[in-house]
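Trainee: So here's start21.cif (mmCIF, C-alpha atoms).
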```
data_model
loop_
_atom_site.group_PDB
_atom_site.id
_atom_site.type_symbol
_atom_site.label_atom_id
_atom_site.label_comp_id
_atom_site.auth_asym_id
_atom_site.auth_seq_id
_atom_site.Cartn_x
_atom_site.Cartn_y
_atom_site.Cartn_z
ATOM 1 C CA MET E 1 88.729 161.607 9.134
ATOM 2 C CA THR E 2 89.749 159.595 12.138
ATOM 3 C CA SER E 3 92.226 156.734 11.795
ATOM 4 C CA GLY E 4 91.393 156.298 8.139
ATOM 5 C CA ARG E 5 87.642 156.347 8.636
ATOM 6 C CA VAL E 6 85.013 159.021 8.765
ATOM 7 C CA THR E 7 83.546 159.875 12.159
ATOM 8 C CA VAL E 8 79.790 160.053 11.800
ATOM 9 C CA TYR E 9 77.703 162.322 13.988
ATOM 10 C CA PHE E 10 73.968 162.718 14.076
ATOM 11 C CA ALA E 11 72.509 165.833 15.629
ATOM 12 C CA ALA E 12 68.888 166.912 15.847
ATOM 13 C CA LEU E 13 66.797 169.458 17.676
ATOM 14 C CA LEU E 14 63.330 168.590 18.958
ATOM 15 C CA ALA E 15 61.206 171.600 19.869
ATOM 16 C CA ARG E 16 58.045 171.069 21.894
ATOM 17 C CA THR E 17 54.983 172.849 20.543
ATOM 18 C CA GLU E 18 51.268 172.897 21.360
ATOM 19 C CA ASP E 19 50.788 170.239 18.680
ATOM 20 C CA GLY E 20 53.622 167.925 19.761
ATOM 21 C CA TRP E 21 57.246 167.984 18.711
ATOM 22 C CA GLU E 22 58.945 169.520 15.680
ATOM 23 C CA ALA E 23 62.283 168.069 14.623
ATOM 24 C CA SER E 24 65.122 169.477 12.612
ATOM 25 C CA ASP E 25 68.520 168.044 11.941
ATOM 26 C CA THR E 26 71.206 170.522 12.683
ATOM 27 C CA GLU E 27 74.723 171.258 11.599
ATOM 28 C CA LEU E 28 77.136 171.693 14.462
ATOM 29 C CA ASP E 29 79.911 173.258 12.371
ATOM 30 C CA ASP E 30 79.570 176.642 14.093
ATOM 31 C CA VAL E 31 78.973 175.222 17.593
ATOM 32 C CA GLU E 32 82.077 175.556 19.733
ATOM 33 C CA THR E 33 80.587 175.818 23.232
ATOM 34 C CA LEU E 34 77.560 174.693 25.182
ATOM 35 C CA THR E 35 76.364 178.301 25.017
ATOM 36 C CA ASP E 36 76.444 178.130 21.207
ATOM 37 C CA LEU E 37 74.408 174.912 21.291
ATOM 38 C CA ALA E 38 71.916 176.410 23.759
ATOM 39 C CA ASP E 39 71.532 179.494 21.532
ATOM 40 C CA LEU E 40 70.895 177.237 18.542
ATOM 41 C CA ALA E 41 68.254 175.361 20.540
ATOM 42 C CA ARG E 42 66.590 178.594 21.668
ATOM 43 C CA GLU E 43 66.338 179.699 18.027
ATOM 44 C CA ALA E 44 64.376 176.498 17.314
ATOM 45 C CA ALA E 45 62.085 176.983 20.339
ATOM 46 C CA VAL E 46 58.430 177.855 19.989
ATOM 47 C CA ASP E 47 57.320 180.373 22.635
ATOM 48 C CA ASP E 48 60.345 179.616 24.869
ATOM 49 C CA ASP E 49 59.160 176.023 25.325
ATOM 50 C CA THR E 50 61.441 173.022 25.786
ATOM 51 C CA VAL E 51 63.996 172.077 23.144
ATOM 52 C CA VAL E 52 65.933 168.827 23.338
ATOM 53 C CA ALA E 53 69.151 168.524 21.349
ATOM 54 C CA PHE E 54 70.449 165.053 20.523
ATOM 55 C CA ILE E 55 74.017 164.338 19.520
ATOM 56 C CA GLU E 56 75.191 160.844 18.717
ATOM 57 C CA GLN E 57 78.530 159.557 17.480
ATOM 58 C CA GLU E 58 78.028 156.208 15.808
ATOM 59 C CA ASP E 59 77.574 153.685 18.619
ATOM 60 C CA ALA E 60 80.252 155.213 20.857
ATOM 61 C CA TRP E 61 78.189 157.710 22.857
ATOM 62 C CA PHE E 62 75.131 159.930 22.826
ATOM 63 C CA GLY E 63 74.362 163.218 24.458
ATOM 64 C CA VAL E 64 71.136 164.989 25.345
ATOM 65 C CA VAL E 65 70.984 168.721 25.996
ATOM 66 C CA ARG E 66 67.732 170.191 27.292
ATOM 67 C CA VAL E 67 67.028 173.896 27.028
ATOM 68 C CA ASP E 68 63.962 175.392 28.708
ATOM 69 C CA GLY E 69 63.600 179.066 27.786
ATOM 70 C CA GLU E 70 66.410 181.115 29.275
ATOM 71 C CA ASP E 71 67.275 178.530 31.954
ATOM 72 C CA ASP E 72 70.749 177.036 31.951
ATOM 73 C CA PRO E 73 71.003 174.024 29.648
ATOM 74 C CA ARG E 74 70.935 170.589 31.251
ATOM 75 C CA VAL E 75 73.289 167.966 29.807
ATOM 76 C CA PHE E 76 73.609 164.184 29.910
ATOM 77 C CA LEU E 77 76.319 162.077 28.243
ATOM 78 C CA SER E 78 76.075 158.297 27.999
ATOM 79 C CA ASN E 79 79.854 157.759 28.114
ATOM 80 C CA ALA E 80 81.957 160.758 29.062
ATOM 81 C CA ALA E 81 85.324 159.133 28.315
ATOM 82 C CA ALA E 82 84.265 158.211 24.779
ATOM 83 C CA ALA E 83 82.648 161.609 24.269
ATOM 84 C CA ALA E 84 85.789 163.428 25.439
ATOM 85 C CA ARG E 85 87.686 161.939 22.492
ATOM 86 C CA SER E 86 85.442 163.714 19.983
ATOM 87 C CA SER E 87 85.134 167.413 19.308
ATOM 88 C CA TYR E 88 81.446 167.823 20.162
ATOM 89 C CA GLY E 89 81.592 165.425 23.070
ATOM 90 C CA ALA E 90 84.685 167.123 24.477
ATOM 91 C CA MET E 91 82.828 170.424 24.444
ATOM 92 C CA LEU E 92 80.034 168.924 26.574
ATOM 93 C CA THR E 93 82.381 166.924 28.809
ATOM 94 C CA ASP E 94 84.511 169.984 29.541
ATOM 95 C CA GLU E 95 81.389 171.943 30.472
ATOM 96 C CA LEU E 96 80.156 169.207 32.807
ATOM 97 C CA LEU E 97 83.557 168.887 34.468
ATOM 98 C CA GLY E 98 83.900 172.659 34.831
ATOM 99 C CA ARG E 99 86.877 172.940 32.540
ATOM 100 C CA GLU E 100 87.588 176.053 30.575
ATOM 101 C CA GLU E 101 88.503 175.739 26.907
ATOM 102 C CA ASP E 102 92.007 177.057 27.563
ATOM 103 C CA ASP E 103 92.645 174.941 30.708
ATOM 104 C CA ALA E 104 94.628 172.292 28.845
ATOM 105 C CA ALA E 105 96.905 174.900 27.262
ATOM 106 C CA ASP E 106 97.364 176.658 30.622
ATOM 107 C CA ASP E 107 98.245 173.351 32.292
ATOM 108 C CA LEU E 108 100.805 172.584 29.586
ATOM 109 C CA ASP E 109 102.375 176.032 29.976
ATOM 110 C CA SER E 110 102.830 175.471 33.717
ATOM 111 C CA LEU E 111 104.609 172.126 33.286
ATOM 112 C CA ASP E 112 108.399 171.899 33.490
ATOM 113 C CA LEU E 113 109.105 169.637 30.563
ATOM 114 C CA ASP E 114 112.896 169.886 30.337
ATOM 115 C CA GLY E 115 113.497 167.423 33.221
ATOM 116 C CA THR E 116 116.551 169.279 34.533
ATOM 117 C CA GLU E 117 115.239 170.143 37.989
ATOM 118 C CA ASP E 118 117.227 168.709 40.932
ATOM 119 C CA GLY E 119 115.386 166.315 43.159
ATOM 120 C CA GLU E 120 112.774 165.332 40.598
ATOM 121 C CA PRO E 121 111.803 161.694 40.767
ATOM 122 C CA GLU E 122 112.744 159.536 37.829
ATOM 123 C CA PRO E 123 109.838 158.999 35.456
ATOM 124 C CA ASP E 124 108.192 155.581 35.570
ATOM 125 C CA ASN E 125 108.570 154.442 31.988
ATOM 126 C CA ASP E 126 106.601 151.244 32.641
ATOM 127 C CA VAL E 127 103.307 153.121 33.004
ATOM 128 C CA GLU E 128 101.352 153.652 29.807
ATOM 129 C CA ASP E 129 99.426 156.890 29.520
ATOM 130 C CA ASP E 130 96.466 156.191 27.267
ATOM 131 C CA ASP E 131 94.464 159.215 28.403
ATOM 132 C CA PRO E 132 95.806 162.588 27.247
ATOM 133 C CA LEU E 133 93.521 164.350 29.746
ATOM 134 C CA GLU E 134 95.242 162.499 32.579
ATOM 135 C CA ALA E 135 98.660 163.570 31.304
ATOM 136 C CA VAL E 136 97.620 167.207 31.117
ATOM 137 C CA ASN E 137 95.363 167.510 34.154
ATOM 138 C CA GLY E 138 96.895 164.922 36.461
ATOM 139 C CA THR E 139 93.438 163.360 36.907
ATOM 140 C CA ASP E 140 91.781 160.238 35.707
ATOM 141 C CA GLY E 141 89.891 162.280 33.121
ATOM 142 C CA PRO E 142 86.194 161.900 32.444
ATOM 143 C CA PRO E 143 84.464 158.786 33.763
ATOM 144 C CA HIS E 144 84.049 155.717 31.575
ATOM 145 C CA GLY E 145 80.293 155.921 31.817
ATOM 146 C CA PRO E 146 77.461 158.404 32.199
ATOM 147 C CA LEU E 147 78.007 162.004 33.207
ATOM 148 C CA GLY E 148 75.568 164.823 33.784
ATOM 149 C CA ASP E 149 71.902 165.165 34.685
ATOM 150 C CA ALA E 150 70.318 161.741 34.161
ATOM 151 C CA GLY E 151 66.970 163.146 35.310
ATOM 152 C CA LEU E 152 66.716 165.808 32.611
ATOM 153 C CA LEU E 153 63.954 163.962 30.719
ATOM 154 C CA ALA E 154 62.034 162.550 33.722
ATOM 155 C CA ASP E 155 59.035 164.857 33.273
ATOM 156 C CA LEU E 156 58.950 163.943 29.569
ATOM 157 C CA GLY E 157 58.718 160.172 30.067
ATOM 158 C CA ILE E 158 62.322 158.943 30.419
ATOM 159 C CA GLY E 159 63.308 158.518 34.043
ATOM 160 C CA GLU E 160 66.839 158.501 35.353
ATOM 161 C CA LYS E 161 67.075 154.681 35.513
ATOM 162 C CA GLU E 162 65.781 154.317 31.964
ATOM 163 C CA LEU E 163 68.208 156.894 30.594
ATOM 164 C CA LEU E 164 71.164 155.284 32.356
ATOM 165 C CA ALA E 165 70.225 151.851 30.981
ATOM 166 C CA LEU E 166 70.012 152.933 27.330
ATOM 167 C CA ASP E 167 72.352 151.535 24.716
ATOM 168 C CA GLY E 168 72.086 150.713 21.034
ATOM 169 C CA ASP E 169 69.486 152.985 19.465
ATOM 170 C CA ALA E 170 69.175 155.237 22.507
ATOM 171 C CA LEU E 171 67.837 158.195 20.539
ATOM 172 C CA GLY E 172 65.099 156.039 19.038
ATOM 173 C CA THR E 173 64.081 154.855 22.510
ATOM 174 C CA ILE E 174 64.024 158.429 23.801
ATOM 175 C CA ALA E 175 61.974 159.562 20.800
ATOM 176 C CA ASP E 176 59.498 156.726 21.439
ATOM 177 C CA ALA E 177 59.043 157.867 25.039
ATOM 178 C CA LEU E 178 58.594 161.489 23.962
ATOM 179 C CA GLY E 179 56.100 160.440 21.303
ATOM 180 C CA CYS E 180 58.113 161.904 18.456
ATOM 181 C CA THR E 181 59.633 158.911 16.691
ATOM 182 C CA GLU E 182 58.193 159.841 13.304
ATOM 183 C CA VAL E 183 59.442 163.436 13.395
ATOM 184 C CA LEU E 184 62.900 162.344 14.545
ATOM 185 C CA GLU E 185 63.121 159.647 11.874
ATOM 186 C CA ALA E 186 62.113 162.209 9.252
ATOM 187 C CA VAL E 187 65.366 164.095 9.881
ATOM 188 C CA ARG E 188 67.594 161.075 10.559
#
```
Take the structure in the file and write it out as structure tokens.
Mentor:
Amino acid sequence: MTSGRVTVYFAALLARTEDGWEASDTELDDVETLTDLADLAREAAVDDDTVVAFIEQEDAWFGVVRVDGEDDPRVFLSNAAAAARSSYGAMLTDELLGREEDDAADDLDSLDLDGTEDGEPEPDNDVEDDDPLEAVNGTDGPPHGPLGDAGLLADLGIGEKELLALDGDALGTIADALGCTEVLEAVR
């Protein structure tokens, strides 16, 4: 539950085969890292061929993870800031930004939160801090927009410009370009 409503995710794996694409919806309950997701994708692969994992949270963001055999996974997020506020999106955002899972805890441990140090500037209470990542990391956090490899589907029919322009039913548009709309809809 999130703010009195259920957060809805859709996740599917599309595995390329000699005969086209095979789709399966997937549970992400045991996925805690990008490595876990890549392992799950490799299990769905046929002869180490390409597997594309889709993750979508309502209309807030979508992510595409491409796994080709034992190569490192390639990741694209439509809106990194929105994704970072969800568990699965945060996992992908942290990976793309090079953050370790324990970085936030380490950063909190290194902060002096008692405010008793001499010479410290007075806090500016007029500034609102809406982004918890900014408070912890001292950065602006993930970008409010795309993040990752926008060219990861170029050889499959979705170029970088097309991927960056997607909104609404992005996964449906991607499935159309890949020629696997029917198999994706069967698991949706």
Trainee: Of the candidates E:Val31, E:Ala44, E:Ala83, E:Ile158, which one gets nearest to Ala177 (chain E) if we count only C-alpha atoms?
Mentor: E:Ile158
Trainee: Go through the shown structure with the PyMOL selection byres ((chain E and resi 56) around 10) and write out the matching residues as a ChimeraX atom specification.
Mentor: /E:8-12,54-55,57-64,77-78,83,88-89,169-171
Trainee: With the file shown as input, list the residues that the PyMOL selection byres ((chain E and resi 92) around 8) selects, as a VMD selection string.
Mentor: chain E and resid 33 to 34 75 77 88 to 91 93 to 96
Trainee: Using all atoms listed in the file, which residue out of E:Trp21, E:Leu147, E:Leu164, E:Asp30 lies closest to Asp176 (chain E)?
Mentor: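 Closest candidate: E:Trp21.
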Trainee: Separation of CA of Ala84 (chain E) and CA of Pro142 (chain E), in Å?
Mentor: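 Value for the CA of Ala84 (chain E)-CA of Pro142 (chain E) distance: 7.2 Å.
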Trainee: Expanded to explicit residues, what is the PyMOL selection byres ((chain E and resi 13) around 7) for this file, as a PyMOL selection string?
Mentor: chain E and resi 12+14-15+23-26+41+51-54
Trainee: When you draw a straight line from CA of Gly20 (chain E) to CA of Val65 (chain E), how long is it in Å?
Mentor: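 Here the two named atoms are 18.5 Å from each other.
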Trainee: For a test of reading the model, state the distance in Å between CA of Gly159 (chain E) and CA of Arg66 (chain E), rounded to one decimal.
Mentor: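 Separation between CA of Gly159 (chain E) and CA of Arg66 (chain E): 14.2 Å.
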Trainee: Pick the closest to Ala175 (chain E) from E:Leu156, E:Ala45, E:Gly151, E:Lys161: which is it, counting all atoms listed in the file?
Mentor: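 Ranking E:Leu156, E:Ala45, E:Gly151, E:Lys161 by distance to Ala175 (chain E), first place goes to E:Leu156.
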Trainee: Have a look at E:Glu162, E:Asp29, E:Glu18, E:Glu43 and name the one nearest to Ile174 (chain E); count only C-alpha atoms.
Mentor: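 Closest residue, counting only C-alpha atoms: E:Glu162.
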Trainee: So which one's closest to Asp36 (chain E), E:Asp68, E:Arg188, E:Pro73, E:Gly145? Using all atoms listed in the file, please.
Mentor: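 Of the candidates, the smallest distance to Asp36 (chain E) is held by E:Pro73.
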